[in-house]
$ cat structure.cif   # mmCIF, N, CA and C atoms
data_query
#
loop_
_atom_site.label_atom_id
_atom_site.label_comp_id
_atom_site.auth_asym_id
_atom_site.auth_seq_id
_atom_site.Cartn_x
_atom_site.Cartn_y
_atom_site.Cartn_z
N MET O 22 21.87 9.79 -31.52
CA MET O 22 20.67 9.09 -31.12
C MET O 22 20.99 8.23 -29.89
N LYS O 23 20.15 8.31 -28.91
CA LYS O 23 20.35 7.53 -27.70
C LYS O 23 19.49 6.27 -27.75
N VAL O 24 19.99 5.24 -27.12
CA VAL O 24 19.27 3.98 -27.06
C VAL O 24 18.07 4.15 -26.14
N SER O 25 16.93 3.71 -26.59
CA SER O 25 15.71 3.87 -25.81
C SER O 25 15.24 2.56 -25.20
N GLY O 26 16.15 1.67 -24.93
CA GLY O 26 15.78 0.40 -24.33
C GLY O 26 15.44 -0.64 -25.36
N ASP O 27 14.75 -1.67 -24.93
CA ASP O 27 14.44 -2.80 -25.80
C ASP O 27 13.48 -2.45 -26.93
N GLU O 28 12.84 -1.29 -26.87
CA GLU O 28 11.90 -0.89 -27.92
C GLU O 28 12.59 -0.25 -29.11
N ASP O 29 13.88 0.00 -29.04
CA ASP O 29 14.59 0.68 -30.13
C ASP O 29 14.40 -0.09 -31.43
N TRP O 30 13.94 0.61 -32.46
CA TRP O 30 13.62 -0.02 -33.75
C TRP O 30 14.83 -0.69 -34.39
N ARG O 31 16.03 -0.29 -34.00
CA ARG O 31 17.25 -0.84 -34.61
C ARG O 31 17.63 -2.21 -34.05
N LEU O 32 17.02 -2.61 -32.96
CA LEU O 32 17.34 -3.91 -32.35
C LEU O 32 16.56 -5.02 -33.05
N MET O 33 17.32 -5.90 -33.71
CA MET O 33 16.70 -6.98 -34.49
C MET O 33 17.41 -8.31 -34.25
N GLY O 34 17.79 -8.57 -33.00
CA GLY O 34 18.44 -9.83 -32.69
C GLY O 34 19.95 -9.85 -32.91
N GLN O 35 20.57 -8.68 -33.05
CA GLN O 35 22.01 -8.62 -33.30
C GLN O 35 22.83 -9.18 -32.15
N ASP O 36 22.24 -9.25 -30.96
CA ASP O 36 22.99 -9.80 -29.83
C ASP O 36 23.43 -11.23 -30.08
N LYS O 37 22.74 -11.95 -30.93
CA LYS O 37 23.10 -13.35 -31.22
C LYS O 37 24.45 -13.47 -31.92
N TYR O 38 24.85 -12.44 -32.67
CA TYR O 38 26.11 -12.53 -33.39
C TYR O 38 27.07 -11.35 -33.16
N LEU O 39 26.62 -10.31 -32.44
CA LEU O 39 27.51 -9.17 -32.21
C LEU O 39 27.87 -8.92 -30.75
N PHE O 40 27.24 -9.63 -29.82
CA PHE O 40 27.55 -9.39 -28.41
C PHE O 40 29.02 -9.73 -28.14
N GLY O 41 29.74 -8.76 -27.58
CA GLY O 41 31.15 -8.95 -27.26
C GLY O 41 32.08 -8.92 -28.46
N ALA O 42 31.58 -8.51 -29.61
CA ALA O 42 32.39 -8.52 -30.84
C ALA O 42 33.50 -7.47 -30.77
N SER O 43 34.59 -7.76 -31.47
CA SER O 43 35.70 -6.83 -31.61
C SER O 43 35.59 -6.12 -32.95
N PHE O 44 35.75 -4.81 -32.92
CA PHE O 44 35.63 -3.98 -34.11
C PHE O 44 36.88 -3.15 -34.33
N GLU O 45 37.07 -2.73 -35.55
CA GLU O 45 38.06 -1.72 -35.85
C GLU O 45 37.40 -0.69 -36.75
N PHE O 46 37.85 0.56 -36.63
CA PHE O 46 37.32 1.63 -37.45
C PHE O 46 38.12 1.66 -38.74
N ARG O 47 37.42 1.52 -39.88
CA ARG O 47 38.12 1.41 -41.17
C ARG O 47 37.36 2.11 -42.28
N LYS O 48 38.09 2.42 -43.32
CA LYS O 48 37.48 2.86 -44.57
C LYS O 48 36.81 1.63 -45.18
N TYR O 49 35.63 1.83 -45.76
CA TYR O 49 34.92 0.69 -46.34
C TYR O 49 35.65 0.16 -47.57
N GLU O 50 35.80 -1.15 -47.60
CA GLU O 50 36.34 -1.85 -48.77
C GLU O 50 35.47 -3.07 -49.00
N PRO O 51 34.94 -3.23 -50.21
CA PRO O 51 34.10 -4.41 -50.47
C PRO O 51 34.92 -5.69 -50.35
N PRO O 52 34.30 -6.76 -49.87
CA PRO O 52 35.04 -8.02 -49.67
C PRO O 52 35.40 -8.74 -50.98
N ARG O 53 34.66 -8.42 -52.04
CA ARG O 53 34.93 -9.04 -53.35
C ARG O 53 34.73 -7.99 -54.43
N ILE O 54 35.27 -8.24 -55.58
CA ILE O 54 35.16 -7.30 -56.71
C ILE O 54 33.71 -7.12 -57.18
N ASP O 55 32.89 -8.15 -57.02
CA ASP O 55 31.49 -8.07 -57.46
C ASP O 55 30.55 -7.57 -56.36
N TRP O 56 31.09 -7.05 -55.29
CA TRP O 56 30.33 -6.57 -54.13
C TRP O 56 30.48 -5.06 -54.09
N ASP O 57 29.38 -4.30 -54.02
CA ASP O 57 29.54 -2.85 -54.05
C ASP O 57 29.17 -2.11 -52.77
N HIS O 58 28.48 -2.77 -51.84
CA HIS O 58 28.14 -2.09 -50.59
C HIS O 58 27.78 -3.09 -49.48
N ASP O 59 27.73 -2.56 -48.27
CA ASP O 59 27.22 -3.28 -47.10
C ASP O 59 26.32 -2.31 -46.35
N HIS O 60 25.62 -2.81 -45.34
CA HIS O 60 24.73 -1.98 -44.53
C HIS O 60 25.10 -2.06 -43.06
N CYS O 61 24.79 -0.99 -42.33
CA CYS O 61 24.96 -1.01 -40.88
C CYS O 61 24.04 -2.09 -40.33
N GLU O 62 24.57 -2.88 -39.42
CA GLU O 62 23.80 -3.98 -38.83
C GLU O 62 22.61 -3.49 -38.01
N PHE O 63 22.59 -2.21 -37.68
CA PHE O 63 21.50 -1.69 -36.86
C PHE O 63 20.55 -0.79 -37.64
N CYS O 64 21.04 0.30 -38.21
CA CYS O 64 20.14 1.27 -38.85
C CYS O 64 20.06 1.11 -40.36
N LEU O 65 20.88 0.22 -40.91
CA LEU O 65 20.86 -0.14 -42.33
C LEU O 65 21.38 0.94 -43.28
N VAL O 66 22.09 1.98 -42.75
CA VAL O 66 22.72 2.92 -43.68
C VAL O 66 23.70 2.14 -44.54
N LYS O 67 24.00 2.71 -45.69
CA LYS O 67 24.83 2.01 -46.68
C LYS O 67 26.29 2.46 -46.59
N PHE O 68 27.20 1.49 -46.66
CA PHE O 68 28.64 1.74 -46.77
C PHE O 68 29.05 1.41 -48.20
N CYS O 69 29.74 2.34 -48.85
CA CYS O 69 30.18 2.15 -50.24
C CYS O 69 31.60 2.67 -50.42
N ALA O 70 32.35 2.00 -51.25
CA ALA O 70 33.70 2.46 -51.57
C ALA O 70 33.67 3.68 -52.48
N ASP O 71 32.66 3.78 -53.34
CA ASP O 71 32.62 4.91 -54.29
C ASP O 71 32.10 6.19 -53.67
N GLN O 72 31.66 6.14 -52.42
CA GLN O 72 31.16 7.29 -51.68
C GLN O 72 30.05 8.03 -52.41
N GLY O 73 29.20 7.29 -53.08
CA GLY O 73 28.05 7.89 -53.76
C GLY O 73 27.08 8.51 -52.77
N GLU O 74 26.06 9.13 -53.31
CA GLU O 74 25.07 9.78 -52.47
C GLU O 74 24.43 8.79 -51.50
N GLY O 75 24.39 9.16 -50.25
CA GLY O 75 23.81 8.31 -49.22
C GLY O 75 24.71 7.20 -48.73
N CYS O 76 25.97 7.19 -49.17
CA CYS O 76 26.91 6.15 -48.75
C CYS O 76 27.89 6.67 -47.71
N PHE O 77 28.15 5.87 -46.72
CA PHE O 77 29.15 6.19 -45.72
C PHE O 77 30.49 5.62 -46.18
N PRO O 78 31.57 6.38 -46.09
CA PRO O 78 32.87 5.91 -46.56
C PRO O 78 33.63 5.07 -45.53
N ASP O 79 33.22 5.15 -44.25
CA ASP O 79 33.94 4.41 -43.20
C ASP O 79 33.00 4.07 -42.06
N GLY O 80 33.47 3.20 -41.19
CA GLY O 80 32.67 2.78 -40.05
C GLY O 80 33.41 1.71 -39.28
N PHE O 81 32.71 1.06 -38.39
CA PHE O 81 33.28 -0.01 -37.58
C PHE O 81 32.96 -1.35 -38.22
N VAL O 82 33.96 -2.20 -38.33
CA VAL O 82 33.77 -3.52 -38.93
C VAL O 82 34.34 -4.58 -37.98
N THR O 83 33.68 -5.71 -37.94
CA THR O 83 34.15 -6.81 -37.09
C THR O 83 35.48 -7.34 -37.63
N GLU O 84 36.21 -8.02 -36.77
CA GLU O 84 37.52 -8.54 -37.16
C GLU O 84 37.45 -9.46 -38.38
N ASN O 85 36.34 -10.19 -38.52
CA ASN O 85 36.20 -11.08 -39.68
C ASN O 85 35.72 -10.33 -40.93
N LYS O 86 35.53 -9.02 -40.80
CA LYS O 86 35.14 -8.13 -41.91
C LYS O 86 33.75 -8.42 -42.47
N LYS O 87 32.89 -9.05 -41.68
CA LYS O 87 31.55 -9.41 -42.17
C LYS O 87 30.45 -8.47 -41.72
N HIS O 88 30.64 -7.77 -40.62
CA HIS O 88 29.55 -6.95 -40.06
C HIS O 88 30.01 -5.51 -39.88
N TRP O 89 29.28 -4.58 -40.49
CA TRP O 89 29.58 -3.15 -40.42
C TRP O 89 28.58 -2.45 -39.52
N VAL O 90 29.09 -1.47 -38.76
CA VAL O 90 28.24 -0.66 -37.88
C VAL O 90 28.66 0.80 -38.06
N CYS O 91 27.68 1.69 -38.26
CA CYS O 91 27.99 3.11 -38.43
C CYS O 91 28.43 3.71 -37.10
N LYS O 92 29.02 4.90 -37.17
CA LYS O 92 29.54 5.56 -35.96
C LYS O 92 28.44 5.80 -34.92
N ASP O 93 27.28 6.28 -35.38
CA ASP O 93 26.20 6.57 -34.42
C ASP O 93 25.72 5.32 -33.71
N CYS O 94 25.49 4.25 -34.46
CA CYS O 94 25.01 3.01 -33.84
C CYS O 94 26.08 2.39 -32.95
N TYR O 95 27.34 2.50 -33.37
CA TYR O 95 28.42 1.99 -32.52
C TYR O 95 28.40 2.70 -31.17
N GLU O 96 28.29 4.01 -31.20
CA GLU O 96 28.24 4.78 -29.95
C GLU O 96 27.01 4.41 -29.12
N ASP O 97 25.87 4.27 -29.78
CA ASP O 97 24.62 3.98 -29.07
C ASP O 97 24.60 2.59 -28.43
N PHE O 98 25.25 1.62 -29.06
CA PHE O 98 25.12 0.24 -28.61
C PHE O 98 26.40 -0.39 -28.03
N ARG O 99 27.51 0.34 -28.01
CA ARG O 99 28.76 -0.29 -27.59
C ARG O 99 28.74 -0.80 -26.16
N ASP O 100 28.10 -0.08 -25.25
CA ASP O 100 28.04 -0.56 -23.86
C ASP O 100 27.07 -1.74 -23.74
N ARG O 101 25.92 -1.59 -24.33
CA ARG O 101 24.90 -2.65 -24.25
C ARG O 101 25.41 -3.99 -24.82
N PHE O 102 26.16 -3.91 -25.92
CA PHE O 102 26.66 -5.11 -26.59
C PHE O 102 28.10 -5.46 -26.20
N ARG O 103 28.68 -4.64 -25.32
CA ARG O 103 30.05 -4.85 -24.86
C ARG O 103 31.04 -4.97 -26.02
N PHE O 104 30.89 -4.05 -26.97
CA PHE O 104 31.82 -4.02 -28.11
C PHE O 104 33.23 -3.73 -27.64
N LYS O 105 34.19 -4.32 -28.31
CA LYS O 105 35.60 -4.03 -28.09
C LYS O 105 36.12 -3.37 -29.36
N THR O 106 37.12 -2.50 -29.21
CA THR O 106 37.71 -1.88 -30.39
C THR O 106 39.20 -2.18 -30.43
N THR O 107 39.65 -2.43 -31.63
CA THR O 107 41.07 -2.66 -31.88
C THR O 107 41.50 -1.74 -33.00
N ASP O 108 42.70 -1.22 -32.91
CA ASP O 108 43.28 -0.44 -34.00
C ASP O 108 42.38 0.70 -34.47
N SER O 109 41.71 1.38 -33.53
CA SER O 109 40.82 2.48 -33.89
C SER O 109 41.24 3.77 -33.20
N VAL O 110 42.49 3.90 -32.88
CA VAL O 110 42.98 5.04 -32.13
C VAL O 110 42.63 6.35 -32.82
N HIS O 111 42.80 6.43 -34.15
CA HIS O 111 42.53 7.68 -34.86
C HIS O 111 41.07 8.11 -34.73
N TYR O 112 40.13 7.18 -34.69
CA TYR O 112 38.73 7.54 -34.52
C TYR O 112 38.51 8.19 -33.16
N PHE O 113 39.03 7.57 -32.12
CA PHE O 113 38.81 8.08 -30.78
C PHE O 113 39.59 9.38 -30.52
N GLU O 114 40.74 9.56 -31.17
CA GLU O 114 41.47 10.82 -31.06
C GLU O 114 40.66 11.96 -31.68
N GLU O 115 40.07 11.72 -32.85
CA GLU O 115 39.24 12.74 -33.51
C GLU O 115 38.01 13.04 -32.68
N LYS O 116 37.40 12.03 -32.10
CA LYS O 116 36.22 12.21 -31.27
C LYS O 116 36.55 13.07 -30.05
N ALA O 117 37.72 12.84 -29.45
CA ALA O 117 38.14 13.62 -28.29
C ALA O 117 38.34 15.09 -28.66
N LYS O 118 38.82 15.37 -29.86
CA LYS O 118 39.02 16.75 -30.31
C LYS O 118 37.70 17.49 -30.45
N ASP O 119 36.63 16.75 -30.79
CA ASP O 119 35.32 17.35 -31.00
C ASP O 119 34.69 17.83 -29.69
N LYS O 120 35.15 17.34 -28.56
CA LYS O 120 34.54 17.68 -27.26
C LYS O 120 35.01 19.00 -26.74
#
$ encode --input "structure.cif" --output "structure tokens"
Amino acid sequence: MKVSGDEDWRLMGQDKYLFGASFEFRKYEPPRIDWDHDHCEFCLVKFCADQGEGCFPDGFVTENKKHWVCKDCYEDFRDRFRFKTTDSVHYFEEKAKDK
């Protein structure tokens, strides 16, 4: 999905807390034992450790482990939000193989 400018339905003020954020590509792990999922900050897809139906098993997470972004939204918004990536070499190596 390509970003369609300021009208994109996924834009909901994330620039206030994600602009210039550093991310790493990781397998989803809940922050606490009583926590079972998180959502993409943009499209709201679900990240789950149990990989149930409709759950993504991995994605990009901020260094503080509070904000998750799916692969598609990361690609769509990384330039606009000036995202930085750390320790995500395996993701970009796999992406390069797909081309």
$ closest_residue --input "structure.cif" --among "O:Trp30, O:Phe44, O:Phe77, O:Tyr49" --to "Phe63 in chain O" --atoms "only N, CA and C atoms"
O:Trp30
$ closest_residue --input "structure.cif" --among "O:Lys86, O:Glu74, O:Cys64, O:Met33" --to "Pro52 in chain O" --atoms "only N, CA and C atoms"
O:Lys86
$ resolve_selection --input "structure.cif" --expression "the PyMOL selection byres ((chain O and resi 34-43) around 6.5)" --output "PDB file with N, CA and C atoms, in the coordinates of the input"
ATOM      1  N   ARG O  31      16.030  -0.290 -34.000  1.00  0.00           N
ATOM      2  CA  ARG O  31      17.250  -0.840 -34.610  1.00  0.00           C
ATOM      3  C   ARG O  31      17.630  -2.210 -34.050  1.00  0.00           C
ATOM      4  N   LEU O  32      17.020  -2.610 -32.960  1.00  0.00           N
ATOM      5  CA  LEU O  32      17.340  -3.910 -32.350  1.00  0.00           C
ATOM      6  C   LEU O  32      16.560  -5.020 -33.050  1.00  0.00           C
ATOM      7  N   MET O  33      17.320  -5.900 -33.710  1.00  0.00           N
ATOM      8  CA  MET O  33      16.700  -6.980 -34.490  1.00  0.00           C
ATOM      9  C   MET O  33      17.410  -8.310 -34.250  1.00  0.00           C
ATOM     10  N   PHE O  44      35.750  -4.810 -32.920  1.00  0.00           N
ATOM     11  CA  PHE O  44      35.630  -3.980 -34.110  1.00  0.00           C
ATOM     12  C   PHE O  44      36.880  -3.150 -34.330  1.00  0.00           C
ATOM     13  N   GLU O  45      37.070  -2.730 -35.550  1.00  0.00           N
ATOM     14  CA  GLU O  45      38.060  -1.720 -35.850  1.00  0.00           C
ATOM     15  C   GLU O  45      37.400  -0.690 -36.750  1.00  0.00           C
ATOM     16  N   VAL O  82      33.960  -2.200 -38.330  1.00  0.00           N
ATOM     17  CA  VAL O  82      33.770  -3.520 -38.930  1.00  0.00           C
ATOM     18  C   VAL O  82      34.340  -4.580 -37.980  1.00  0.00           C
ATOM     19  N   THR O  83      33.680  -5.710 -37.940  1.00  0.00           N
ATOM     20  CA  THR O  83      34.150  -6.810 -37.090  1.00  0.00           C
ATOM     21  C   THR O  83      35.480  -7.340 -37.630  1.00  0.00           C
ATOM     22  N   GLU O  84      36.210  -8.020 -36.770  1.00  0.00           N
ATOM     23  CA  GLU O  84      37.520  -8.540 -37.160  1.00  0.00           C
ATOM     24  C   GLU O  84      37.450  -9.460 -38.380  1.00  0.00           C
ATOM     25  N   PHE O 102      26.160  -3.910 -25.920  1.00  0.00           N
ATOM     26  CA  PHE O 102      26.660  -5.110 -26.590  1.00  0.00           C
ATOM     27  C   PHE O 102      28.100  -5.460 -26.200  1.00  0.00           C
ATOM     28  N   ARG O 103      28.680  -4.640 -25.320  1.00  0.00           N
ATOM     29  CA  ARG O 103      30.050  -4.850 -24.860  1.00  0.00           C
ATOM     30  C   ARG O 103      31.040  -4.970 -26.020  1.00  0.00           C
ATOM     31  N   PHE O 104      30.890  -4.050 -26.970  1.00  0.00           N
ATOM     32  CA  PHE O 104      31.820  -4.020 -28.110  1.00  0.00           C
ATOM     33  C   PHE O 104      33.230  -3.730 -27.640  1.00  0.00           C
ATOM     34  N   LYS O 105      34.190  -4.320 -28.310  1.00  0.00           N
ATOM     35  CA  LYS O 105      35.600  -4.030 -28.090  1.00  0.00           C
ATOM     36  C   LYS O 105      36.120  -3.370 -29.360  1.00  0.00           C
ATOM     37  N   THR O 106      37.120  -2.500 -29.210  1.00  0.00           N
ATOM     38  CA  THR O 106      37.710  -1.880 -30.390  1.00  0.00           C
ATOM     39  C   THR O 106      39.200  -2.180 -30.430  1.00  0.00           C
ATOM     40  N   THR O 107      39.650  -2.430 -31.630  1.00  0.00           N
ATOM     41  CA  THR O 107      41.070  -2.660 -31.880  1.00  0.00           C
ATOM     42  C   THR O 107      41.500  -1.740 -33.000  1.00  0.00           C
TER      43      THR O 107
END
$ select_by_dssp --input "structure.cif" --residues "range 45-96 of chain O" --states "alpha helix (DSSP H)" --output "PyMOL selection string"
chain O and resi 92-96
$ atom_distance --input "structure.cif" --atom1 "atom C of Ile54 in chain O" --atom2 "CA of Gly75 in chain O"
20.0 Å
$ closest_residue --input "structure.cif" --among "O:Asp97, O:His60, O:Arg47, O:Asp29" --to "Phe81 in chain O" --atoms "only C-alpha atoms"
O:Arg47
$ resolve_selection --input "structure.cif" --expression "the PyMOL selection byres ((chain O and resi 67) around 8)" --output "PyMOL selection string"
chain O and resi 58-61+64-66+68-70+75-79
$ atom_distance --input "structure.cif" --atom1 "CA of Asn85 in chain O" --atom2 "atom N of Phe46 in chain O"
12.1 Å
$ select_by_dssp --input "structure.cif" --residues "range 23-91 of chain O" --states "strand (DSSP E)" --output "list in words"
Ser43, Phe44, Glu45, Phe46, Arg47, Lys48, His58, Asp59, His60, Lys67, Phe68, Cys69, Cys76, Phe77, Asp79, Gly80, Phe81, Val82, Thr83, Trp89 and Val90 of chain O
$ atom_distance --input "structure.cif" --atom1 "atom C of Trp56 in chain O" --atom2 "atom N of Cys94 in chain O"
22.3 Å
$ resolve_selection --input "structure.cif" --expression "the PyMOL selection byres ((chain O and resi 91) around 6)" --output "list in words"
Cys61, Glu62, Gly80, Phe81, Trp89, Val90, Lys92, Asp93, Cys94, Tyr95 and Glu96 of chain O
$ axis_aligned_box --input "structure.cif" --around "range 62-68 of chain O" --padding-each-side "8 Å" --output "lines of an AutoDock Vina configuration file"
center_x = 24.6
center_y = -0.5
center_z = -42.5
size_x = 25.0
size_y = 22.9
size_z = 27.3
